[in-house]
Structure formats: C-alpha cells, structure tokens
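Have a look at entry_36.json below; it lists JSON, C-alpha atoms.
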[["chain", "number", "residue", "atom", "x", "y", "z"],
["K", 1, "MET", "CA", -12.64, 53.95, 24.72],
["K", 2, "SER", "CA", -10.85, 51.44, 26.84],
["K", 3, "LEU", "CA", -11.57, 48.31, 28.80],
["K", 4, "GLU", "CA", -12.02, 49.81, 32.26],
["K", 5, "PRO", "CA", -15.38, 51.63, 31.82],
["K", 6, "PHE", "CA", -17.07, 48.41, 30.75],
["K", 7, "LEU", "CA", -15.64, 46.52, 33.71],
["K", 8, "ILE", "CA", -16.79, 49.25, 36.11],
["K", 9, "ILE", "CA", -20.30, 49.18, 34.58],
["K", 10, "ALA", "CA", -20.40, 45.40, 34.93],
["K", 11, "ALA", "CA", -19.27, 45.63, 38.56],
["K", 12, "ALA", "CA", -22.00, 48.18, 39.31],
["K", 13, "LEU", "CA", -24.65, 46.00, 37.68],
["K", 14, "PHE", "CA", -23.43, 42.96, 39.63],
["K", 15, "CYS", "CA", -23.57, 44.82, 42.95],
["K", 16, "ILE", "CA", -27.10, 46.08, 42.21],
["K", 17, "GLY", "CA", -28.06, 42.49, 41.43],
["K", 18, "ILE", "CA", -26.63, 41.22, 44.71],
["K", 19, "TYR", "CA", -28.46, 43.93, 46.64],
["K", 20, "GLY", "CA", -31.75, 42.96, 45.00],
["K", 21, "LEU", "CA", -31.09, 39.25, 45.51],
["K", 22, "ILE", "CA", -30.62, 39.66, 49.25],
["K", 23, "THR", "CA", -33.21, 42.31, 50.08],
["K", 24, "SER", "CA", -36.21, 41.44, 47.90],
["K", 25, "ARG", "CA", -39.22, 39.80, 49.48],
["K", 26, "ASN", "CA", -40.93, 38.80, 46.23],
["K", 27, "ALA", "CA", -39.61, 35.55, 44.74],
["K", 28, "VAL", "CA", -40.07, 36.77, 41.16],
["K", 29, "ARG", "CA", -37.96, 39.84, 41.91],
["K", 30, "VAL", "CA", -35.22, 37.55, 43.23],
["K", 31, "LEU", "CA", -35.16, 35.80, 39.84],
["K", 32, "MET", "CA", -34.99, 39.19, 38.12],
["K", 33, "SER", "CA", -31.96, 40.09, 40.26],
["K", 34, "VAL", "CA", -30.29, 36.82, 39.24],
["K", 35, "GLU", "CA", -30.81, 37.82, 35.61],
["K", 36, "LEU", "CA", -29.17, 41.18, 36.32],
["K", 37, "MET", "CA", -26.12, 39.44, 37.79],
["K", 38, "LEU", "CA", -25.87, 37.08, 34.79],
["K", 39, "ASN", "CA", -25.98, 40.11, 32.49],
["K", 40, "ALA", "CA", -23.14, 41.71, 34.44],
["K", 41, "VAL", "CA", -21.03, 38.58, 33.99],
["K", 42, "ASN", "CA", -21.86, 38.53, 30.27],
["K", 43, "LEU", "CA", -20.80, 42.15, 29.92],
["K", 44, "ASN", "CA", -17.47, 41.29, 31.56],
["K", 45, "LEU", "CA", -16.91, 38.37, 29.20],
["K", 46, "MET", "CA", -17.74, 40.50, 26.16],
["K", 47, "ALA", "CA", -15.42, 43.32, 27.24],
["K", 48, "PHE", "CA", -12.52, 40.92, 27.73],
["K", 49, "SER", "CA", -13.34, 39.22, 24.45],
["K", 50, "ASN", "CA", -13.17, 42.51, 22.55],
["K", 51, "TYR", "CA", -10.09, 44.03, 24.15],
["K", 52, "LEU", "CA", -7.93, 41.02, 25.03],
["K", 53, "ASP", "CA", -8.91, 38.36, 22.51],
["K", 54, "SER", "CA", -10.33, 40.16, 19.49],
["K", 55, "ALA", "CA", -8.97, 37.78, 16.86],
["K", 56, "SER", "CA", -10.67, 34.61, 18.14],
["K", 57, "ILE", "CA", -13.65, 35.85, 20.09],
["K", 58, "ARG", "CA", -13.99, 33.10, 22.67],
["K", 59, "GLY", "CA", -15.71, 35.39, 25.16],
["K", 60, "GLN", "CA", -18.67, 35.76, 22.83],
["K", 61, "VAL", "CA", -18.99, 31.97, 22.63],
["K", 62, "PHE", "CA", -19.06, 31.77, 26.42],
["K", 63, "THR", "CA", -21.62, 34.58, 26.52],
["K", 64, "ILE", "CA", -23.92, 32.63, 24.22],
["K", 65, "PHE", "CA", -23.62, 29.60, 26.49],
["K", 66, "VAL", "CA", -24.41, 31.76, 29.53],
["K", 67, "ILE", "CA", -27.44, 33.24, 27.76],
["K", 68, "SER", "CA", -28.83, 29.80, 26.95],
["K", 69, "ILE", "CA", -28.26, 28.53, 30.50],
["K", 70, "ALA", "CA", -29.91, 31.69, 31.84],
["K", 71, "ALA", "CA", -32.99, 31.06, 29.71],
["K", 72, "ALA", "CA", -33.25, 27.51, 31.09],
["K", 73, "GLU", "CA", -32.73, 28.82, 34.63],
["K", 74, "ALA", "CA", -35.49, 31.39, 34.23],
["K", 75, "ALA", "CA", -37.95, 28.78, 32.99],
["K", 76, "VAL", "CA", -37.23, 26.31, 35.80],
["K", 77, "GLY", "CA", -37.08, 29.05, 38.44],
["K", 78, "LEU", "CA", -40.42, 30.51, 37.48],
["K", 79, "ALA", "CA", -41.97, 27.02, 37.43],
["K", 80, "ILE", "CA", -40.68, 26.50, 40.97],
["K", 81, "VAL", "CA", -42.11, 29.86, 42.04],
["K", 82, "LEU", "CA", -45.49, 28.91, 40.55],
["K", 83, "SER", "CA", -45.52, 25.57, 42.31],
["K", 84, "ILE", "CA", -44.53, 27.12, 45.65],
["K", 85, "TYR", "CA", -47.23, 29.76, 45.19],
["K", 86, "ARG", "CA", -49.76, 27.01, 44.63],
["K", 87, "SER", "CA", -48.83, 25.13, 47.78],
["K", 88, "ARG", "CA", -48.07, 28.01, 50.15],
["K", 89, "ASP", "CA", -50.33, 30.71, 48.67],
["K", 90, "THR", "CA", -47.64, 33.37, 48.93],
["K", 91, "VAL", "CA", -44.49, 34.52, 47.16],
["K", 92, "ASP", "CA", -42.91, 36.08, 50.24],
["K", 93, "MET", "CA", -39.34, 34.81, 50.60],
["K", 94, "GLU", "CA", -39.51, 35.10, 54.40],
["K", 95, "GLN", "CA", -42.29, 32.49, 54.56],
["K", 96, "PHE", "CA", -40.55, 29.82, 52.54],
["K", 97, "ASN", "CA", -39.27, 27.61, 55.32],
["K", 98, "LEU", "CA", -40.14, 24.19, 53.92],
["K", 99, "LEU", "CA", -36.60, 22.92, 54.29],
["K", 100, "ARG", "CA", -35.69, 24.77, 57.45],
["K", 101, "TRP", "CA", -37.45, 22.69, 60.08],
["T", 1, "MET", "CA", -11.40, 51.79, 17.80],
["T", 2, "SER", "CA", -14.58, 50.03, 17.14],
["T", 3, "ASN", "CA", -15.48, 48.37, 13.89],
["T", 4, "ILE", "CA", -19.04, 49.58, 13.81],
["T", 5, "GLY", "CA", -18.24, 52.81, 12.03],
["T", 6, "LEU", "CA", -18.87, 55.36, 14.76],
["T", 7, "GLY", "CA", -16.40, 58.06, 15.60],
["T", 8, "ASP", "CA", -14.70, 58.24, 18.98],
["T", 9, "GLY", "CA", -16.88, 61.09, 20.22],
["T", 10, "SER", "CA", -20.18, 59.48, 19.33],
["T", 11, "GLN", "CA", -18.99, 56.22, 20.87],
["T", 12, "THR", "CA", -18.29, 57.96, 24.14],
["T", 13, "VAL", "CA", -21.69, 59.66, 24.04],
["T", 14, "SER", "CA", -23.41, 56.33, 23.36],
["T", 15, "LEU", "CA", -21.48, 54.70, 26.19],
["T", 16, "VAL", "CA", -22.56, 57.39, 28.64],
["T", 17, "VAL", "CA", -26.21, 57.29, 27.54],
["T", 18, "LEU", "CA", -26.36, 53.48, 27.63],
["T", 19, "THR", "CA", -24.68, 53.39, 31.04],
["T", 20, "ALA", "CA", -27.14, 55.90, 32.47],
["T", 21, "MET", "CA", -30.05, 53.88, 31.07],
["T", 22, "LEU", "CA", -28.61, 50.63, 32.37],
["T", 23, "ILE", "CA", -27.86, 51.77, 35.91],
["T", 24, "ALA", "CA", -31.15, 53.70, 36.26],
["T", 25, "SER", "CA", -33.28, 50.81, 35.06],
["T", 26, "ALA", "CA", -31.35, 48.29, 37.17],
["T", 27, "MET", "CA", -31.91, 50.43, 40.26],
["T", 28, "GLY", "CA", -35.58, 50.60, 39.31],
["T", 29, "VAL", "CA", -35.77, 46.81, 39.01],
["T", 30, "VAL", "CA", -34.39, 46.42, 42.51],
["T", 31, "LEU", "CA", -36.01, 49.36, 44.31],
["T", 32, "LEU", "CA", -39.47, 49.95, 42.81],
["T", 33, "GLN", "CA", -42.38, 48.67, 44.86],
["T", 34, "ASN", "CA", -44.60, 47.76, 41.91],
["T", 35, "ILE", "CA", -43.25, 44.55, 40.41],
["T", 36, "VAL", "CA", -44.87, 45.11, 37.00],
["T", 37, "TYR", "CA", -42.89, 48.34, 36.57],
["T", 38, "ALA", "CA", -39.80, 46.43, 37.70],
["T", 39, "ALA", "CA", -40.36, 43.80, 35.00],
["T", 40, "PHE", "CA", -40.68, 46.40, 32.25],
["T", 41, "LEU", "CA", -37.58, 48.20, 33.51],
["T", 42, "LEU", "CA", -35.78, 44.85, 33.35],
["T", 43, "GLY", "CA", -36.53, 44.86, 29.61],
["T", 44, "ALA", "CA", -34.99, 48.34, 29.29],
["T", 45, "CYS", "CA", -31.97, 47.06, 31.19],
["T", 46, "PHE", "CA", -31.54, 44.13, 28.77],
["T", 47, "ILE", "CA", -31.85, 46.44, 25.75],
["T", 48, "SER", "CA", -29.16, 48.78, 27.06],
["T", 49, "VAL", "CA", -26.87, 45.80, 27.66],
["T", 50, "ALA", "CA", -27.46, 44.84, 24.01],
["T", 51, "GLY", "CA", -26.40, 48.37, 23.02],
["T", 52, "LEU", "CA", -23.21, 47.96, 25.04],
["T", 53, "TYR", "CA", -22.56, 44.70, 23.16],
["T", 54, "LEU", "CA", -22.83, 46.63, 19.89],
["T", 55, "LEU", "CA", -20.20, 49.05, 21.18],
["T", 56, "LEU", "CA", -18.01, 45.98, 21.83],
["T", 57, "ASN", "CA", -18.24, 44.86, 18.15],
["T", 58, "ALA", "CA", -20.55, 41.94, 18.87],
["T", 59, "ASP", "CA", -23.52, 42.21, 16.54],
["T", 60, "PHE", "CA", -24.62, 38.58, 16.75],
["T", 61, "VAL", "CA", -24.60, 38.43, 20.54],
["T", 62, "ALA", "CA", -26.46, 41.75, 20.72],
["T", 63, "ALA", "CA", -29.19, 40.32, 18.48],
["T", 64, "ALA", "CA", -29.28, 37.13, 20.56],
["T", 65, "GLN", "CA", -29.54, 39.22, 23.73],
["T", 66, "VAL", "CA", -32.55, 41.11, 22.39],
["T", 67, "LEU", "CA", -34.21, 37.94, 21.09],
["T", 68, "ILE", "CA", -33.64, 35.71, 24.11],
["T", 69, "TYR", "CA", -33.68, 38.11, 27.05],
["T", 70, "VAL", "CA", -36.19, 40.74, 25.92],
["T", 71, "GLY", "CA", -38.25, 38.38, 23.77],
["T", 72, "ALA", "CA", -38.29, 35.28, 25.94],
["T", 73, "VAL", "CA", -37.08, 35.73, 29.51],
["T", 74, "ASN", "CA", -38.76, 39.07, 30.10],
["T", 75, "ILE", "CA", -42.07, 37.86, 28.68],
["T", 76, "LEU", "CA", -41.80, 34.74, 30.83],
["T", 77, "ILE", "CA", -41.27, 36.89, 33.92],
["T", 78, "LEU", "CA", -44.28, 39.05, 33.00],
["T", 79, "PHE", "CA", -46.42, 35.92, 32.64],
["T", 80, "ALA", "CA", -45.23, 34.65, 36.01],
["T", 81, "ILE", "CA", -46.13, 38.00, 37.58],
["T", 82, "MET", "CA", -49.59, 37.77, 36.05],
["T", 83, "LEU", "CA", -50.03, 34.23, 37.38],
["T", 84, "VAL", "CA", -48.90, 35.00, 40.92],
["T", 85, "ASN", "CA", -50.28, 38.50, 41.13],
["T", 86, "LYS", "CA", -51.10, 38.52, 44.78],
["T", 87, "ARG", "CA", -51.41, 41.91, 46.37],
["T", 88, "GLN", "CA", -50.33, 41.40, 49.91],
["T", 89, "ASP", "CA", -48.61, 43.48, 52.48],
["T", 90, "TYR", "CA", -45.54, 41.71, 53.67],
["T", 91, "GLN", "CA", -45.27, 41.27, 57.39],
["T", 92, "ASP", "CA", -42.36, 43.05, 58.94],
["T", 93, "VAL", "CA", -39.43, 40.88, 59.82],
["T", 94, "LYS", "CA", -37.01, 41.43, 62.64],
["T", 95, "TYR", "CA", -34.31, 43.99, 61.80],
["T", 96, "GLY", "CA", -35.72, 44.48, 58.29],
["T", 97, "ALA", "CA", -34.37, 48.01, 57.80],
["T", 98, "LEU", "CA", -31.04, 47.11, 59.39],
["T", 99, "ARG", "CA", -30.71, 44.18, 56.97],
["T", 100, "SER", "CA", -31.20, 46.49, 53.97],
["T", 101, "VAL", "CA", -28.63, 48.96, 55.28],
["T", 102, "VAL", "CA", -26.04, 46.26, 55.98],
["T", 103, "THR", "CA", -26.63, 44.72, 52.54],
["T", 104, "GLY", "CA", -26.22, 48.14, 50.91],
["T", 105, "VAL", "CA", -22.96, 48.74, 52.75],
["T", 106, "VAL", "CA", -21.64, 45.31, 51.77],
["T", 107, "CYS", "CA", -22.60, 45.87, 48.11],
["T", 108, "LEU", "CA", -20.95, 49.29, 48.04],
["T", 109, "GLY", "CA", -17.84, 47.75, 49.58],
["T", 110, "LEU", "CA", -17.81, 45.01, 46.97],
["T", 111, "PHE", "CA", -18.20, 47.62, 44.24],
["T", 112, "ALA", "CA", -15.31, 49.64, 45.66],
["T", 113, "LEU", "CA", -13.16, 46.50, 45.83],
["T", 114, "LEU", "CA", -13.97, 45.55, 42.24],
["T", 115, "GLY", "CA", -13.37, 49.13, 41.06],
["T", 116, "VAL", "CA", -9.96, 49.30, 42.72],
["T", 117, "THR", "CA", -9.05, 45.92, 41.25],
["T", 118, "VAL", "CA", -10.12, 46.95, 37.76],
["T", 119, "THR", "CA", -8.28, 50.27, 37.77],
["T", 120, "SER", "CA", -5.10, 49.04, 39.39],
["T", 121, "THR", "CA", -4.55, 46.01, 37.17],
["T", 122, "ASN", "CA", -2.38, 46.20, 34.09],
["T", 123, "TRP", "CA", -4.52, 44.54, 31.46],
["T", 124, "ALA", "CA", -2.71, 42.92, 28.54],
["T", 125, "ILE", "CA", -4.76, 44.78, 25.98],
["T", 126, "THR", "CA", -4.05, 43.93, 22.36],
["T", 127, "PRO", "CA", -2.75, 47.03, 20.55],
["T", 128, "ALA", "CA", -5.24, 46.91, 17.69],
["T", 129, "ILE", "CA", -8.65, 45.31, 17.61],
["T", 130, "ALA", "CA", -8.71, 42.74, 14.83],
["T", 131, "LYS", "CA", -11.10, 43.36, 11.96],
["T", 132, "LEU", "CA", -13.12, 40.20, 11.58],
["T", 133, "PRO", "CA", -15.12, 39.60, 8.40],
["T", 134, "SER", "CA", -18.13, 38.60, 10.46],
["T", 135, "THR", "CA", -18.41, 37.62, 14.08],
["T", 136, "MET", "CA", -21.03, 35.04, 13.17],
["T", 137, "VAL", "CA", -18.53, 33.08, 11.03],
["T", 138, "VAL", "CA", -15.96, 32.97, 13.83],
["T", 139, "ILE", "CA", -18.56, 31.98, 16.45],
["T", 140, "GLY", "CA", -19.86, 29.22, 14.17],
["T", 141, "GLN", "CA", -16.36, 27.87, 13.65],
["T", 142, "HIS", "CA", -15.87, 27.78, 17.42],
["T", 143, "PHE", "CA", -19.19, 26.02, 17.96],
["T", 144, "PHE", "CA", -18.49, 23.27, 15.48],
["T", 145, "SER", "CA", -14.83, 22.67, 16.26],
["T", 146, "ASP", "CA", -13.44, 23.30, 19.73],
["T", 147, "TYR", "CA", -16.71, 23.96, 21.57],
["T", 148, "LEU", "CA", -18.71, 21.16, 19.97],
["T", 149, "LEU", "CA", -19.27, 19.16, 23.16],
["T", 150, "PRO", "CA", -20.60, 22.09, 25.25],
["T", 151, "PHE", "CA", -22.76, 23.10, 22.30],
["T", 152, "GLU", "CA", -24.40, 19.69, 22.14],
["T", 153, "LEU", "CA", -24.68, 19.48, 25.94],
["T", 154, "ALA", "CA", -26.48, 22.84, 25.92],
["T", 155, "SER", "CA", -29.15, 21.39, 23.69],
["T", 156, "VAL", "CA", -29.64, 18.45, 26.06],
["T", 157, "LEU", "CA", -29.77, 20.85, 29.00],
["T", 158, "LEU", "CA", -32.42, 22.98, 27.30],
["T", 159, "LEU", "CA", -34.52, 19.87, 26.69],
["T", 160, "VAL", "CA", -34.16, 18.82, 30.34],
["T", 161, "ALA", "CA", -35.11, 22.31, 31.52],
["T", 162, "LEU", "CA", -38.13, 22.33, 29.21],
["T", 163, "ILE", "CA", -39.46, 19.02, 30.53],
["T", 164, "GLY", "CA", -38.60, 19.96, 34.10],
["T", 165, "ALA", "CA", -40.46, 23.26, 33.89],
["T", 166, "ILE", "CA", -43.55, 21.52, 32.51],
["T", 167, "VAL", "CA", -43.45, 18.83, 35.21],
["T", 168, "LEU", "CA", -42.99, 21.40, 37.98],
["T", 169, "ALA", "CA", -45.65, 23.84, 36.84],
["T", 170, "ARG", "CA", -48.53, 21.60, 35.78],
["T", 171, "ARG", "CA", -51.32, 20.54, 38.07],
["T", 172, "GLU", "CA", -52.27, 16.91, 38.45],
["T", 173, "LEU", "CA", -55.60, 15.99, 36.96],
["T", 174, "VAL", "CA", -58.16, 13.93, 38.79],
["T", 175, "PRO", "CA", -58.62, 10.55, 37.09],
["T", 176, "ASP", "CA", -61.62, 10.52, 34.85],
["T", 177, "THR", "CA", -64.56, 9.14, 36.84],
["T", 178, "VAL", "CA", -67.40, 11.06, 35.25],
["T", 179, "THR", "CA", -69.74, 8.70, 33.42],
["T", 180, "VAL", "CA", -70.81, 9.46, 29.90],
["T", 181, "GLY", "CA", -74.10, 11.26, 29.47],
["T", 182, "GLN", "CA", -74.15, 12.80, 32.91],
["T", 183, "VAL", "CA", -74.11, 16.58, 32.40],
["T", 184, "ASP", "CA", -74.35, 18.88, 35.33],
["T", 185, "GLU", "CA", -73.11, 22.33, 36.09],
["T", 186, "ASP", "CA", -69.78, 21.04, 37.43],
["T", 187, "SER", "CA", -68.79, 19.50, 34.14],
["T", 188, "LEU", "CA", -67.39, 22.72, 32.75],
["T", 189, "GLU", "CA", -64.87, 23.09, 35.56],
["T", 190, "LEU", "CA", -61.32, 21.94, 35.18],
["T", 191, "LEU", "CA", -60.88, 18.54, 36.78],
["T", 192, "GLU", "CA", -58.10, 19.10, 39.23],
["T", 193, "LYS", "CA", -57.04, 17.80, 42.54],
["T", 194, "PRO", "CA", -57.85, 20.27, 45.27],
["T", 195, "LYS", "CA", -54.87, 22.27, 46.33],
["T", 196, "GLU", "CA", -53.13, 20.74, 49.27],
["T", 197, "GLN", "CA", -51.05, 22.63, 51.75],
["T", 198, "LEU", "CA", -47.62, 21.08, 52.06],
["T", 199, "VAL", "CA", -47.16, 22.37, 55.57],
["T", 200, "ALA", "CA", -49.91, 23.43, 57.89],
["T", 201, "SER", "CA", -49.69, 27.16, 58.23],
["T", 202, "LYS", "CA", -48.99, 28.28, 61.73]]

In structure tokens, write the structure found in this file.
Amino acid sequence: MSLEPFLIIAAALFCIGIYGLITSRNAVRVLMSVELMLNAVNLNLMAFSNYLDSASIRGQVFTIFVISIAAAEAAVGLAIVLSIYRSRDTVDMEQFNLLRW
Amino acid sequence: MSNIGLGDGSQTVSLVVLTAMLIASAMGVVLLQNIVYAAFLLGACFISVAGLYLLLNADFVAAAQVLIYVGAVNILILFAIMLVNKRQDYQDVKYGALRSVVTGVVCLGLFALLGVTVTSTNWAITPAIAKLPSTMVVIGQHFFSDYLLPFELASVLLLVALIGAIVLARRELVPDTVTVGQVDEDSLELLEKPKEQLVASK
C-alpha cells in the first residue's frame, strides 16, 4: 500500500463534506458535513504522518488536537442550533437571516 | 508494510472494504432525506475512518476516534436531532435544483484537481516505516515536551466551549415570585420566560 490511496479517499470525503455543507437545508446536517470535512483532514494528517514522518509521529499529535477542537465545535454549534430553533422555530438554513438585514 | 501484522493482500482487502463503507455512508449522510438515518450513517463513517487509522499504524488515535467521535459527537448530534425534531416541508427557494447541480459540479472539479495533485506529486516517502515500541509513548513525549503549550491551551479551550455551550443552550428562568404555601395546578410547570421571537416573522 502506498500514500496515494489514502489521500484520494480523504479528498473524496472532503468533497462530499463540501457538497453537504452547501446544499443542506437542515442546520444539524450542516454540522454533520463539517464533521465529515474535519475527518477528511485528519485522514490526510495521519497518512502523511505514517508515510513521511513515521519515526516521530507529529501528524498523530495534530490529529488529536483536531479531534478535541472538533468536539468543542460540535458542542457549541449544536447549542447555537438549539438556541436559534428556540427563537425562530425552524432549523431551515434559508430562513436564518438575522444578520442579513 | 504495516506494523499491525496483516499481510499485504489482507491490507488491500481491508482498505477497499473500509473505503467502500466510508464513501457509501458519507454519501448517505449528505443525501438521505431522513436526518436520523443520516446521523447513524455518520457513526458508520467515523468507525470506518477509525479502521483506516488502524491501517496507518495509529492504534491510539483510532481508539480516540471511536471514543470521541462515535461515543460523544455522534450521540450529541442524535440528542440535538431529538430536541429539534421538527417535521416540516422546506419551502422551495429560487434556483434550488440549479444550486445543487452547480455545487456538485464544483465539488467534482475540486476532487479532480486534488486527485491530479496527489498523483502527480513526488512525495518524499521514507523507504521503511519505523517500528515504534508504542505510538502512545511517542505521542505522550510530544505532548509533554514540544507541544506542551497547545496541549494546555486545548484544555482551556474545552472549558470555554463547555461553559459557552451551557450558556447558549439554557433557558432563562423567571425570578421566583411564587409565595410559599400557594399550590395550584401551574406549580408543576417549569418556570420559564415565554419564548420571544427575535425578529417578527414576515
């Protein structure tokens, strides 16, 4: 096995995440797409860590940092979704125009 | 050339199976209409990523992935879906189908660009993958020597996110005005401010 298959897989996962981020109407699904993209980045870091830097695995350290930040992001993001749902009574992304005008 | 003790053939088979699982469940997360199915498929997606980590000789990070993503983030998302489970038909927006098509084309183009970049670059791959005694030991040494400051900052950030999530998600209670001894049928309800619309709906 070589490095390239993992990078291609990560690229595919990232593109699926971007597609979901832009096209979803449900705010919770947008957060799920963000998690997909973070996982793609993690996979990239791990692949480089194994094949380019296998003696001192710095990529794995970065991946652990990304995982912890992603957990914090999920908690805060879902709290924001809950609070928006309470005030607007919907989770449709097209109706969130509080900051637009 | 992995240290986990699998032969080359079985590694390739595992890679193919995990990739199929990963891509199928990720497509399901994005495309399925029912968001509960999407959340469960997100869990499958995280588990297959953990399997890919095992193929990359990272046992500790694979375990952390299963614990944090499948055990915490996915459950959190399921709880959020339960709390905001509103069945509504979304109103059509202008050029909705066209937007999806354009986004799909852009994403495919980005994937093609990334694929060409990946395959045409000469990566400086190390000839042999080093056999580490344990990845956990090396990661711990990194955490407590050259990555000590980010490690400590991450703990502060997690605390800030914890408090922020509580402050954002809680409702404000009405100050306690009920006199003692007065029991009526309203006393069992949660004392909350009535929900206020931030913006008058048009």

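Among the candidates T:Val116, T:Ala24, T:Val30, T:Ile47, the residue lying nearest to chain K is T:Val30 (atoms considered: all atoms listed in the file).
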
Report task. Could you give me, as a VMD selection string, the residues that sit within 12 Å of (-37.8, 42.8, 30.8) in the file's coordinates, counting only C-alpha atoms? Result -> (chain K and resid 29 31 to 33 35 to 36) or (chain T and resid 25 to 26 28 to 29 35 to 49 65 to 79 81)

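Minimum atom-to-atom distances from K:Leu99, K:Ile69, K:Ala10, K:Ile16 to Phe48 in chain K were compared using only C-alpha atoms, and the lowest value belongs to K:Ala10.
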
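With distances restricted to all atoms listed in the file, K:Ala79 is the closest residue to chain T from K:Val41, K:Ala27, K:Met93, K:Ala79.
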
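The closest residue to Tyr53 in chain T, picked from K:Val66, K:Leu43, K:Val91, K:Ala71 and counting only C-alpha atoms, is K:Leu43.
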
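Separating CA of Leu82 in chain K from CA of Thr103 in chain T is a distance of 27.4 Å.
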
Report task. Counting all atoms listed in the file, find the residues whose atoms lie at most 12 Å from (-20.7, 37.2, 27.9) (file coordinates) and write them out as a PyMOL selection string. Result -> (chain K and resi 10+37-50+57-70) or (chain T and resi 49-50+52-53+56+58+60-62+64-65)

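CA of Leu52 in chain K lies 5.5 Å from CA of Thr126 in chain T.
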
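Minimum atom-to-atom distance to Val76 in chain K, evaluated using all atoms listed in the file, belongs to T:Leu168 out of T:Met27, T:Leu168, T:Val105, T:Ala20.
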
**Report entry** Residue nearest Asn26 in chain K among T:Thr19, T:Gln88, T:Ser14, T:Thr117 (counting all atoms listed in the file)
**Finding:** T:Gln88

Query raised in the report: What is the distance, in Å and to one decimal place, between CA of Ala154 in chain T and CA of Ile139 in chain T?
Result: 15.4 Å

Query - Val118 in chain T environment, 10 Å, only C-alpha atoms, sequence neighbours closer than 6 positions dropped, as number ranges by chain - result: K: 3-8, 11; T: 112
